[in-house]
>>> print(open('coords-v2.txt').read())   # compact mmCIF, C-alpha atoms
# COMPACT_ATOMS: atom_id res chain seq x y z
CA MET A 1 96.07 106.48 113.73
CA GLN A 2 98.81 105.07 115.95
CA ILE A 3 97.63 101.52 115.22
CA ILE A 4 97.92 102.34 111.51
CA ASN A 5 101.37 103.92 111.95
CA MET A 6 102.75 100.93 113.84
CA ASN A 7 101.52 98.58 111.09
CA VAL A 8 102.68 100.52 108.02
CA GLY A 9 105.94 98.55 108.01
CA PHE A 10 103.93 95.38 107.57
CA PHE A 11 102.89 96.77 104.17
CA GLY A 12 106.46 96.64 102.83
CA ILE A 13 107.12 93.20 104.29
CA GLN A 14 103.95 91.88 102.65
CA TYR A 15 104.75 93.51 99.30
CA SER A 16 107.84 91.33 99.28
CA PHE A 17 105.75 88.31 100.28
CA GLY A 18 103.35 89.10 97.41
CA LEU A 19 106.21 88.97 94.92
CA GLN A 20 107.25 85.62 96.37
CA GLN A 21 103.68 84.34 95.91
CA SER A 22 103.22 85.49 92.33
CA ALA A 23 106.59 86.22 90.70
CA VAL A 24 109.23 83.84 92.07
CA ASN A 25 107.72 80.65 90.63
CA PRO A 26 107.27 82.18 87.15
CA ILE A 27 110.94 83.27 87.35
CA TYR A 28 111.81 79.64 88.03
CA ASP A 29 109.70 78.72 84.98
CA PHE A 30 111.52 81.31 82.83
CA LEU A 31 114.83 79.80 83.97
CA GLY A 32 113.73 76.32 82.87
CA ALA A 33 112.50 74.60 86.05
CA LYS A 34 110.28 71.51 85.64
CA PRO A 35 106.84 71.50 87.39
CA ASP A 36 107.84 68.84 89.93
CA GLU A 37 111.05 70.79 90.78
CA ILE A 38 109.09 73.92 91.85
CA PRO A 39 108.08 72.71 95.35
CA LEU A 40 111.66 71.96 96.41
CA LEU A 41 112.86 75.29 94.98
CA ASN A 42 110.44 76.93 97.43
CA LEU A 43 112.04 75.28 100.46
CA ALA A 44 113.77 78.54 101.44
CA GLY A 45 110.65 80.20 102.82
CA PRO A 46 109.56 77.58 105.32
CA MET A 47 113.09 76.57 106.34
CA THR A 48 114.18 80.13 107.12
CA GLY A 49 110.89 80.67 108.96
CA LEU A 50 111.47 77.56 111.04
CA LEU A 51 115.05 78.46 111.88
CA ILE A 52 114.87 82.23 112.20
CA GLN A 53 111.49 83.32 113.54
CA PRO A 54 111.58 81.50 116.91
CA ILE A 55 115.19 82.59 117.47
CA ILE A 56 114.38 86.21 116.61
CA GLY A 57 111.35 85.93 118.89
CA VAL A 58 113.47 84.83 121.85
CA LEU A 59 116.16 87.42 121.13
CA SER A 60 113.63 90.25 120.88
CA ASP A 61 112.00 89.12 124.15
CA ARG A 62 115.44 89.39 125.76
CA THR A 63 116.38 92.73 124.13
CA TRP A 64 116.01 96.24 125.44
CA HIS A 65 117.93 99.34 124.36
CA PRO A 66 116.93 102.82 125.61
CA ARG A 67 117.33 104.30 122.12
CA PHE A 68 116.53 101.47 119.71
CA GLY A 69 113.92 99.57 121.75
CA ARG A 70 113.08 95.87 121.81
CA ARG A 71 111.51 94.83 118.49
CA LYS A 72 112.46 97.72 116.17
CA PRO A 73 116.14 96.79 115.62
CA TYR A 74 114.98 93.49 114.09
CA PHE A 75 112.45 95.26 111.81
CA PHE A 76 115.18 97.51 110.47
CA ILE A 77 117.86 94.87 109.87
CA GLY A 78 115.35 92.55 108.20
CA ALA A 79 113.90 95.28 105.97
CA LEU A 80 117.36 96.48 104.90
CA PHE A 81 118.48 93.04 103.70
CA CYS A 82 115.05 92.42 102.17
CA SER A 83 115.38 95.59 100.07
CA LEU A 84 118.84 94.59 98.86
CA CYS A 85 117.66 91.10 97.87
CA LEU A 86 114.58 92.39 96.05
CA PHE A 87 116.81 94.73 94.04
CA LEU A 88 119.18 91.92 93.06
CA TYR A 89 116.62 89.13 92.51
CA PRO A 90 115.58 89.78 88.88
CA PHE A 91 119.25 89.73 87.84
CA SER A 92 119.23 85.96 88.53
CA SER A 93 120.64 84.16 85.50
CA THR A 94 120.43 80.57 86.75
CA LEU A 95 118.11 78.50 88.91
CA TRP A 96 120.72 78.10 91.66
CA MET A 97 121.22 81.89 91.81
CA ALA A 98 117.46 82.55 92.08
CA ALA A 99 117.04 79.83 94.72
CA GLY A 100 120.04 81.10 96.71
CA LEU A 101 118.81 84.69 96.73
CA LEU A 102 115.39 83.46 97.84
CA TRP A 103 117.02 81.96 100.96
CA VAL A 104 118.55 85.34 101.88
CA LEU A 105 115.34 87.21 101.02
CA ASP A 106 113.21 84.90 103.15
CA ALA A 107 115.65 85.09 106.06
CA ALA A 108 115.41 88.88 105.93
CA ASN A 109 111.60 88.82 105.65
CA ASN A 110 111.33 86.53 108.65
CA THR A 111 113.69 88.69 110.71
CA ALA A 112 111.45 91.69 110.04
CA MET A 113 108.07 89.98 110.31
CA GLU A 114 108.35 87.87 113.49
CA PRO A 115 108.76 90.72 115.99
CA TYR A 116 105.81 92.53 114.38
CA ARG A 117 103.27 90.12 115.90
CA ALA A 118 104.86 90.54 119.34
CA PHE A 119 105.09 94.32 118.80
CA ILE A 120 101.29 94.54 118.49
CA ALA A 121 100.77 92.42 121.61
CA ASP A 122 103.35 94.57 123.47
CA LYS A 123 101.82 97.90 122.53
CA LEU A 124 98.07 97.44 122.65
CA PRO A 125 95.65 96.94 125.55
CA GLY A 126 93.38 93.91 125.38
CA ASP A 127 90.39 95.74 123.92
CA GLN A 128 92.47 96.83 120.90
CA LEU A 129 94.17 93.52 120.09
CA ALA A 130 91.56 92.51 117.50
CA THR A 131 91.95 95.87 115.75
CA GLY A 132 95.75 95.61 115.91
CA PHE A 133 96.05 92.11 114.46
CA LEU A 134 93.43 92.70 111.76
CA THR A 135 95.07 95.99 110.81
CA GLN A 136 98.00 93.75 109.93
CA SER A 137 95.57 91.83 107.71
CA PHE A 138 94.62 95.14 106.08
CA PHE A 139 98.25 95.97 105.29
CA THR A 140 98.90 92.38 104.23
CA GLY A 141 96.16 92.77 101.64
CA LEU A 142 97.36 96.21 100.57
CA GLY A 143 101.00 95.18 100.19
CA ILE A 144 100.31 91.97 98.28
CA THR A 145 97.73 93.80 96.13
CA LEU A 146 100.28 96.38 95.01
CA ALA A 147 102.81 93.64 94.29
CA ASN A 148 100.37 91.71 92.11
CA ILE A 149 98.89 94.73 90.33
CA SER A 150 102.42 95.94 89.55
CA LEU A 151 103.12 92.58 87.89
CA PHE A 152 99.98 92.94 85.75
CA LEU A 153 100.56 96.59 84.76
CA PHE A 154 104.30 96.30 84.15
CA GLN A 155 103.73 93.15 82.06
CA LYS A 156 101.43 95.19 79.82
CA TYR A 157 103.61 98.27 79.44
CA ILE A 158 107.27 97.28 79.88
CA PRO A 159 108.52 95.23 76.88
CA GLY A 160 111.81 93.42 76.42
CA GLN A 161 113.90 91.20 78.64
CA HIS A 162 117.31 90.79 80.25
CA GLY A 163 118.49 87.22 79.62
CA ALA A 164 115.54 84.95 80.46
CA ILE A 165 113.84 87.50 82.75
CA PRO A 166 111.39 90.07 81.28
CA TYR A 167 111.94 93.73 82.16
CA TRP A 168 108.49 93.98 83.78
CA VAL A 169 109.75 91.65 86.52
CA PHE A 170 112.58 94.10 87.23
CA GLY A 171 110.05 96.95 87.66
CA SER A 172 108.02 95.06 90.27
CA PHE A 173 111.06 93.99 92.28
CA PHE A 174 112.63 97.47 92.24
CA LEU A 175 109.35 98.96 93.52
CA GLY A 176 109.28 96.27 96.24
CA SER A 177 112.83 97.16 97.27
CA LEU A 178 111.78 100.78 97.80
CA CYS A 179 108.53 99.90 99.64
CA SER A 180 110.23 97.48 102.01
CA ILE A 181 112.71 99.85 103.62
CA THR A 182 110.63 103.06 103.50
CA SER A 183 107.51 101.57 105.10
CA VAL A 184 109.49 99.99 107.96
CA LEU A 185 111.37 103.26 108.55
CA TRP A 186 107.97 105.01 108.78
CA SER A 187 106.78 102.66 111.54
CA ILE A 188 110.08 102.87 113.40
CA SER A 189 110.06 106.67 113.37
CA LYS A 190 106.37 107.06 114.29
CA THR A 191 105.95 104.41 116.99
CA PRO A 192 107.83 104.47 120.30
CA GLU A 193 108.12 101.21 122.20
CA ILE A 194 106.91 100.91 125.78
CA PRO A 195 109.93 100.76 128.14
CA PRO A 196 110.01 97.85 130.58
CA THR A 197 109.26 98.59 134.22
CA PRO A 198 112.24 98.47 136.63
CA GLU A 199 111.05 95.02 137.75
CA GLU A 200 110.81 93.77 134.14
CA LEU A 201 114.22 95.25 133.35
CA ALA A 202 115.76 93.53 136.38
CA ALA A 203 114.19 90.21 135.32
CA LEU A 204 115.49 90.77 131.79
CA ARG A 205 119.04 91.32 133.01
CA ALA A 206 118.83 88.32 135.33
CA GLN A 207 118.01 85.92 132.49
CA LYS A 208 120.55 83.27 131.65
CA LYS A 209 122.97 84.11 128.86
CA GLY A 210 124.66 81.77 126.42
CA LEU A 211 124.75 80.66 122.82
CA PHE A 212 122.25 77.84 123.30
CA GLN A 213 119.91 79.64 125.70
CA PRO A 214 117.46 80.76 122.96
CA PHE A 215 117.09 77.14 121.82
CA ILE A 216 116.54 76.00 125.42
CA GLU A 217 113.84 78.65 125.86
CA ILE A 218 112.12 77.61 122.62
CA GLY A 219 112.10 73.98 123.80
CA GLU A 220 110.72 74.93 127.21
CA ALA A 221 108.02 77.08 125.61
CA ILE A 222 106.94 74.19 123.35
CA VAL A 223 106.78 71.81 126.34
CA HIS A 224 104.56 74.26 128.26
CA MET A 225 102.57 75.38 125.22
CA PRO A 226 98.84 76.03 125.87
CA ALA A 227 96.56 73.23 124.59
CA VAL A 228 94.78 75.57 122.18
CA MET A 229 98.04 76.08 120.29
CA TRP A 230 98.38 72.33 119.63
CA LYS A 231 94.87 72.37 118.13
CA LEU A 232 95.78 75.41 116.03
CA ALA A 233 98.83 73.47 114.78
CA LEU A 234 96.50 70.83 113.27
CA VAL A 235 94.46 73.53 111.50
CA TYR A 236 97.66 75.08 110.19
CA LEU A 237 98.95 71.73 108.90
CA PHE A 238 96.15 71.56 106.33
CA GLN A 239 95.78 75.31 105.80
CA TRP A 240 99.38 76.20 104.95
CA TYR A 241 100.10 73.06 102.92
CA ALA A 242 97.10 74.05 100.81
CA LEU A 243 98.17 77.68 100.41
CA PHE A 244 101.62 76.70 99.16
CA CYS A 245 99.97 74.39 96.60
CA TYR A 246 97.89 77.32 95.36
CA TRP A 247 100.73 79.85 95.12
CA GLN A 248 103.01 77.42 93.30
CA ASN A 249 100.39 76.46 90.72
CA ALA A 250 98.05 79.46 90.23
CA SER A 251 99.77 80.89 87.13
CA LYS A 252 100.10 77.51 85.43
CA SER A 253 96.50 76.58 86.31
CA ILE A 254 95.20 79.81 84.73
CA ALA A 255 97.40 79.26 81.69
CA GLN A 256 96.00 75.75 81.39
CA SER A 257 92.29 76.49 81.90
CA VAL A 258 92.00 79.92 80.24
CA TRP A 259 94.85 80.17 77.70
CA LYS A 260 95.07 76.40 77.02
CA THR A 261 98.86 76.48 77.22
CA SER A 262 101.83 75.82 79.54
CA PRO A 263 105.25 77.45 80.13
CA GLY A 264 106.92 75.05 77.71
CA GLU A 265 104.38 75.43 74.89
CA ASN A 266 103.99 79.18 74.35
CA LYS A 267 106.05 81.59 76.44
CA THR A 268 104.17 84.69 75.24
CA LEU A 269 100.78 83.31 76.22
CA TYR A 270 102.20 82.05 79.51
CA GLU A 271 103.50 85.56 80.31
CA GLU A 272 99.94 86.83 79.76
CA ALA A 273 98.68 84.18 82.17
CA VAL A 274 101.30 85.21 84.76
CA GLY A 275 100.19 88.84 84.46
CA TRP A 276 96.55 87.80 84.83
CA ALA A 277 97.42 85.64 87.84
CA GLY A 278 98.97 88.77 89.35
CA LEU A 279 95.68 90.60 88.78
CA VAL A 280 93.64 87.74 90.28
CA ASN A 281 95.93 87.55 93.32
CA GLY A 282 95.82 91.33 93.58
CA TRP A 283 92.02 91.16 93.57
CA TYR A 284 91.79 88.69 96.44
CA ASN A 285 94.13 90.89 98.43
CA VAL A 286 91.94 93.94 97.68
CA VAL A 287 89.10 91.94 99.22
CA THR A 288 91.41 91.13 102.14
CA PHE A 289 92.06 94.73 103.10
CA LEU A 290 88.44 95.74 102.47
CA SER A 291 87.12 92.97 104.71
CA ALA A 292 89.75 93.02 107.47
CA PHE A 293 88.03 95.55 109.73
CA ALA A 294 84.62 93.90 109.24
CA LEU A 295 86.19 90.71 110.61
CA VAL A 296 87.14 92.60 113.80
CA TRP A 297 83.44 93.24 114.46
CA MET A 298 82.46 89.70 113.48
CA ALA A 299 85.13 88.11 115.69
CA LYS A 300 83.89 90.07 118.69
CA LYS A 301 80.21 89.39 117.95
CA PHE A 302 80.36 85.70 116.96
CA SER A 303 83.81 84.55 118.26
CA PRO A 304 87.08 84.12 116.31
CA LYS A 305 86.50 80.36 115.92
CA LYS A 306 83.16 80.74 114.11
CA VAL A 307 84.58 83.40 111.80
CA HIS A 308 87.57 81.24 110.87
CA ILE A 309 85.39 78.17 110.18
CA VAL A 310 83.21 80.10 107.71
CA CYS A 311 86.25 81.69 106.05
CA LEU A 312 88.07 78.37 105.55
CA LEU A 313 84.88 76.88 104.08
CA MET A 314 84.72 79.73 101.54
CA ALA A 315 88.41 79.30 100.65
CA GLY A 316 88.09 75.54 100.16
CA LEU A 317 85.09 75.88 97.85
CA ALA A 318 86.84 78.68 95.94
CA LEU A 319 89.86 76.53 95.11
CA LEU A 320 87.70 73.57 94.08
CA TRP A 321 85.97 75.83 91.55
CA PHE A 322 89.06 77.80 90.42
CA PRO A 323 90.66 75.31 87.98
CA GLN A 324 87.31 74.61 86.28
CA ILE A 325 86.90 78.22 85.10
CA GLU A 326 87.67 78.99 81.43
CA ASN A 327 86.56 82.65 81.39
CA LYS A 328 89.38 84.76 82.82
CA TYR A 329 86.96 87.31 84.30
CA MET A 330 85.05 84.64 86.21
CA LEU A 331 88.22 83.84 88.18
CA PHE A 332 87.54 86.91 90.31
CA VAL A 333 84.32 85.46 91.74
CA PRO A 334 85.70 82.54 93.80
CA MET A 335 88.78 84.59 94.72
CA ALA A 336 86.58 87.14 96.52
CA GLY A 337 85.73 84.42 99.06
CA PHE A 338 89.38 83.41 99.16
CA GLY A 339 90.33 87.03 99.92
CA ILE A 340 88.01 87.20 102.94
CA ALA A 341 89.52 83.92 104.14
CA TRP A 342 93.04 85.30 103.68
CA ALA A 343 92.15 88.24 105.94
CA SER A 344 91.00 85.74 108.57
CA MET A 345 94.15 83.62 108.21
CA MET A 346 96.36 86.67 108.79
CA GLY A 347 94.66 87.81 112.01
CA ILE A 348 91.97 85.60 113.51
CA PRO A 349 94.17 82.65 114.66
CA TYR A 350 96.20 85.02 116.85
CA LEU A 351 92.97 86.09 118.57
CA MET A 352 92.16 82.44 119.27
CA VAL A 353 95.38 81.96 121.25
CA VAL A 354 96.75 85.32 122.45
CA ASN A 355 94.89 85.32 125.79
CA ASP A 356 96.49 81.96 126.69
CA ILE A 357 100.06 83.24 126.09
CA PRO A 358 102.11 84.77 128.96
CA LYS A 359 102.84 88.43 128.19
CA GLU A 360 106.59 88.10 128.79
CA LYS A 361 106.72 85.24 126.23
CA TYR A 362 104.91 86.95 123.33
CA GLY A 363 108.01 86.93 121.12
CA VAL A 364 108.88 83.25 121.50
CA TYR A 365 105.27 82.09 121.18
CA MET A 366 104.66 84.19 118.07
CA GLY A 367 107.78 82.49 116.70
CA ILE A 368 106.35 79.07 117.61
CA ILE A 369 103.09 79.94 115.84
CA ASN A 370 105.21 80.69 112.80
CA MET A 371 106.85 77.26 113.18
CA MET A 372 103.32 75.84 112.88
CA ILE A 373 103.06 77.71 109.57
CA VAL A 374 106.42 76.75 108.13
CA ILE A 375 106.53 73.07 109.11
CA PRO A 376 103.54 72.30 106.81
CA MET A 377 105.30 74.36 104.13
CA ILE A 378 108.48 72.30 104.53
CA PHE A 379 106.39 69.15 104.34
CA GLN A 380 104.75 70.52 101.19
CA THR A 381 107.98 71.51 99.47
CA THR A 382 109.57 68.13 100.16
CA SER A 383 106.53 65.94 99.41
CA PHE A 384 104.29 67.68 96.92
CA GLY A 385 106.59 67.27 93.93
CA TRP A 386 106.24 63.50 94.36
CA VAL A 387 102.46 63.79 94.85
CA LEU A 388 102.16 66.03 91.78
CA GLN A 389 104.19 63.68 89.61
CA ASN A 390 102.75 60.35 90.77
CA PHE A 391 99.11 61.13 91.61
CA LEU A 392 98.19 64.40 89.89
CA ASN A 393 100.00 63.86 86.57
CA ASN A 394 101.90 67.18 86.90
CA ASP A 395 98.52 68.87 86.38
CA SER A 396 98.42 72.32 88.01
CA GLY A 397 94.61 72.40 87.95
CA LYS A 398 94.45 69.18 89.96
CA ALA A 399 96.99 70.68 92.39
CA ILE A 400 94.63 73.62 93.03
CA SER A 401 91.69 71.24 93.61
CA PHE A 402 93.85 69.22 96.01
CA ALA A 403 94.51 72.47 97.91
CA GLY A 404 90.75 73.10 98.10
CA VAL A 405 90.18 69.71 99.75
CA LEU A 406 92.92 70.45 102.30
CA LEU A 407 91.31 73.78 103.20
CA LEU A 408 88.02 71.99 103.87
CA MET A 409 89.96 69.64 106.18
CA ALA A 410 91.41 72.70 107.97
CA CYS A 411 87.85 73.97 108.37
CA ALA A 412 86.84 70.67 110.00
CA ALA A 413 89.90 70.76 112.32
CA THR A 414 88.93 74.25 113.57
CA PHE A 415 85.86 72.70 115.23
CA LEU A 416 88.26 71.05 117.72
CA ILE A 417 89.24 74.43 119.17
CA LYS A 418 87.16 75.44 122.17
CA ASP A 419 84.63 78.11 121.29
CA VAL A 420 84.26 81.17 123.46
CA LYS A 421 80.81 82.70 123.89
CA PRO A 422 80.60 86.21 122.45
CA GLU A 423 80.28 87.79 125.93
CA GLY A 424 83.33 85.84 127.15
CA GLU A 425 85.30 86.78 124.08
CA LEU A 426 84.65 90.46 124.59
CA GLN A 427 85.61 90.16 128.24
CA ALA A 428 88.76 88.19 127.44
CA VAL A 429 89.84 90.56 124.70
CA SER A 430 89.31 93.50 127.05
CA GLY A 431 92.07 92.38 129.38
CA GLY A 432 91.41 88.91 130.81
CA GLY A 433 94.67 87.58 129.38
CA HIS A 434 96.80 90.28 130.98
>>> encode(input="coords-v2.txt", output="structure tokens")
Amino acid sequence: MQIINMNVGFFGIQYSFGLQQSAVNPIYDFLGAKPDEIPLLNLAGPMTGLLIQPIIGVLSDRTWHPRFGRRKPYFFIGALFCSLCLFLYPFSSTLWMAAGLLWVLDAANNTAMEPYRAFIADKLPGDQLATGFLTQSFFTGLGITLANISLFLFQKYIPGQHGAIPYWVFGSFFLGSLCSITSVLWSISKTPEIPPTPEELAALRAQKKGLFQPFIEIGEAIVHMPAVMWKLALVYLFQWYALFCYWQNASKSIAQSVWKTSPGENKTLYEEAVGWAGLVNGWYNVVTFLSAFALVWMAKKFSPKKVHIVCLLMAGLALLWFPQIENKYMLFVPMAGFGIAWASMMGIPYLMVVNDIPKEKYGVYMGIINMMIVIPMIFQTTSFGWVLQNFLNNDSGKAISFAGVLLLMACAATFLIKDVKPEGELQAVSGGGH
């Protein structure tokens, strides 16, 4: 129950992330963005992740307050600003306003999310790390599911619009604003942090101070980064580039293959496609939270590496099939495999590296892992518009297939990571890294 309580806040953070996956790009479409402009308009997410998460990681490593703790102040500040931005977002009347608010929203999300990974590593003994990280996968699936199902239901039952933005978008974002702050407050109130020992507190106070010290520590941590993290960075290069391609193009791909339309041709039909994309994305996240705890058992029995290889294979094949489907109900079949893979992506990679990370550096290294996520996203947002225009003919279906190929390449790159025998994995997870 305590593992659940400490992760409830992740639900609200991931609700917001679900809206970014499924609703932000259609809002850009409603405001008149061209297909090849969409990637650059999504630059906020990866850039704020790159700039903020490692810094927040270092700062939370260096923080301790007897009342407020180490990680929890960052959860609260991030969730508060996230809630405010979600409330304001559907009032965007221009592309620049929507893009600007997305920068603030993503900065807030990253401030709240980064310490959460370190919080789990701080709180749990080795034999519960798999359960802790994959409980985050469970709440990731639950939060994104609610976000996407709200888009589908509100699109059906809330008519009308404010300017270019339909009222059903307002409903989803207002619900997200409420979920973000309340779920984080639940975790903060229910989960005490473990105080540092007198020796740890003395070491904390003896650390060098200064404006540039966090950046120096990030640089030193990268220089001394365990080899397994460099190999994970290669997997993430393909994996996260591919995921951004999918999220940016899912609604338009469904509109194209099922409704035979595009945002510029028939807005009413495109809104139906956006609502259905919300349902499809909600479905794969239902599969995510249903499969998350099964992956705990599988990771311990077969090793995290083997589990992640199989999951990436399923995801790659799913996206190759996705744009070929003309029956809207058949879309749920490949996305079941994608949902299992999404559960793996949210938890398994941390199991592959956590035992090689020094305990006192959990915050900064979790931030560096996030840099491995956001650098491919930055690369995608700055390069994929050109690829889409010059090689894929601005075809959203081809963009999804391209993402499928990249996921298969991520699957191949995972083979480079050293496998741990099941007995060794169980032993390592039960405390070898501490």
>>> atom_distance(input="coords-v2.txt", atom1="atom CA of Leu279 of chain A", atom2="atom CA of Ala336 of chain A")
12.4 Å
>>> residues_around(input="coords-v2.txt", residues="segment 172-185 of chain A", least_positions_apart="3", cutoff="10 Å", atoms="all atoms listed in the file", output="PyMOL selection string")
chain A and resi 5-19+23+72+75-90+109+112+143+146-155+167-169+188-190
>>> closest_residue(input="coords-v2.txt", among="A:Gly397, A:Gly141, A:Pro73, A:Gly163", to="Gln324 of chain A", atoms="all atoms listed in the file")
A:Gly397
>>> closest_residue(input="coords-v2.txt", among="A:Ser22, A:Ser251, A:Ser396, A:Ser93", to="His162 of chain A", atoms="only C-alpha atoms")
A:Ser93
>>> closest_residue(input="coords-v2.txt", among="A:Gln161, A:Asn249, A:Asn266, A:Thr191", to="Phe68 of chain A", atoms="only C-alpha atoms")
A:Thr191
>>> closest_residue(input="coords-v2.txt", among="A:Met409, A:Leu43, A:Leu59, A:Ile52", to="Glu217 of chain A", atoms="all atoms listed in the file")
A:Leu59
>>> atom_distance(input="coords-v2.txt", atom1="atom CA of Asp106 of chain A", atom2="atom CA of Pro159 of chain A")
28.6 Å
>>> residues_around(input="coords-v2.txt", residues="Val58 of chain A", least_positions_apart="4", cutoff="6 Å", atoms="only C-alpha atoms", output="number ranges by chain")
A: 214, 363-364
>>> closest_residue(input="coords-v2.txt", among="A:Ser187, A:Ser383, A:Gln20, A:Gln2", to="Gln128 of chain A", atoms="only C-alpha atoms")
A:Gln2
>>> closest_residue(input="coords-v2.txt", among="A:Val405, A:Asp395, A:Phe332, A:Ile158", to="Thr261 of chain A", atoms="all atoms listed in the file")
A:Asp395
>>> atom_distance(input="coords-v2.txt", atom1="atom CA of Ile378 of chain A", atom2="atom CA of Ala130 of chain A")
29.4 Å
>>> residues_around(input="coords-v2.txt", residues="Leu50 of chain A", least_positions_apart="2", cutoff="7 Å", atoms="only C-alpha atoms", output="list in words")
Pro46, Met47, Thr48, Ile52, Gln53, Met371, Val374 and Ile375 of chain A
>>> residues_around(input="coords-v2.txt", residues="Leu388 of chain A", least_positions_apart="6", cutoff="8 Å", atoms="only C-alpha atoms", output="count of residues only")
4
>>> residues_around(input="coords-v2.txt", residues="segment 195-198 of chain A", least_positions_apart="5", cutoff="12 Å", atoms="all atoms listed in the file", output="list of chain:residue names")
A:Asp61, A:Arg62, A:Thr63, A:Trp64, A:His65, A:Pro66, A:Arg67, A:Phe68, A:Gly69, A:Arg70, A:Arg71, A:Asp122, A:Lys123, A:Ala203, A:Leu204, A:Arg205, A:Glu360
>>> closest_atom_pairs(input="coords-v2.txt", of="segment 271-364 of chain A", to="segment 225-232 of chain A", cutoff="12 Å", atoms="all atoms listed in the file", output="tab-separated table")
residue	atom	partner	partner_atom	distance
A:Lys305	CA	A:Leu232	CA	10.5
A:His308	CA	A:Leu232	CA	11.3
A:Met345	CA	A:Leu232	CA	11.5
A:Ile348	CA	A:Leu232	CA	11.2
A:Pro349	CA	A:Leu232	CA	7.5
A:Tyr350	CA	A:Leu232	CA	9.7
A:Leu351	CA	A:Val228	CA	11.3
A:Met352	CA	A:Val228	CA	7.9
A:Val353	CA	A:Val228	CA	6.5
A:Val354	CA	A:Met229	CA	9.6
A:Asn355	CA	A:Pro226	CA	10.1
A:Asp356	CA	A:Pro226	CA	6.4
A:Ile357	CA	A:Pro226	CA	7.3
A:Pro358	CA	A:Pro226	CA	9.8
A:Lys361	CA	A:Met225	CA	10.7
A:Tyr362	CA	A:Met225	CA	12.0
A:Val364	CA	A:Met225	CA	10.8
>>> write_last_selection(input="coords-v2.txt", atoms="C-alpha atoms", output="mmCIF file, keeping the file's coordinate frame")
data_model
loop_
_atom_site.group_PDB
_atom_site.id
_atom_site.type_symbol
_atom_site.label_atom_id
_atom_site.label_comp_id
_atom_site.auth_asym_id
_atom_site.auth_seq_id
_atom_site.Cartn_x
_atom_site.Cartn_y
_atom_site.Cartn_z
ATOM 1 C CA LYS A 305 86.500 80.360 115.920
ATOM 2 C CA HIS A 308 87.570 81.240 110.870
ATOM 3 C CA MET A 345 94.150 83.620 108.210
ATOM 4 C CA ILE A 348 91.970 85.600 113.510
ATOM 5 C CA PRO A 349 94.170 82.650 114.660
ATOM 6 C CA TYR A 350 96.200 85.020 116.850
ATOM 7 C CA LEU A 351 92.970 86.090 118.570
ATOM 8 C CA MET A 352 92.160 82.440 119.270
ATOM 9 C CA VAL A 353 95.380 81.960 121.250
ATOM 10 C CA VAL A 354 96.750 85.320 122.450
ATOM 11 C CA ASN A 355 94.890 85.320 125.790
ATOM 12 C CA ASP A 356 96.490 81.960 126.690
ATOM 13 C CA ILE A 357 100.060 83.240 126.090
ATOM 14 C CA PRO A 358 102.110 84.770 128.960
ATOM 15 C CA LYS A 361 106.720 85.240 126.230
ATOM 16 C CA TYR A 362 104.910 86.950 123.330
ATOM 17 C CA VAL A 364 108.880 83.250 121.500
#
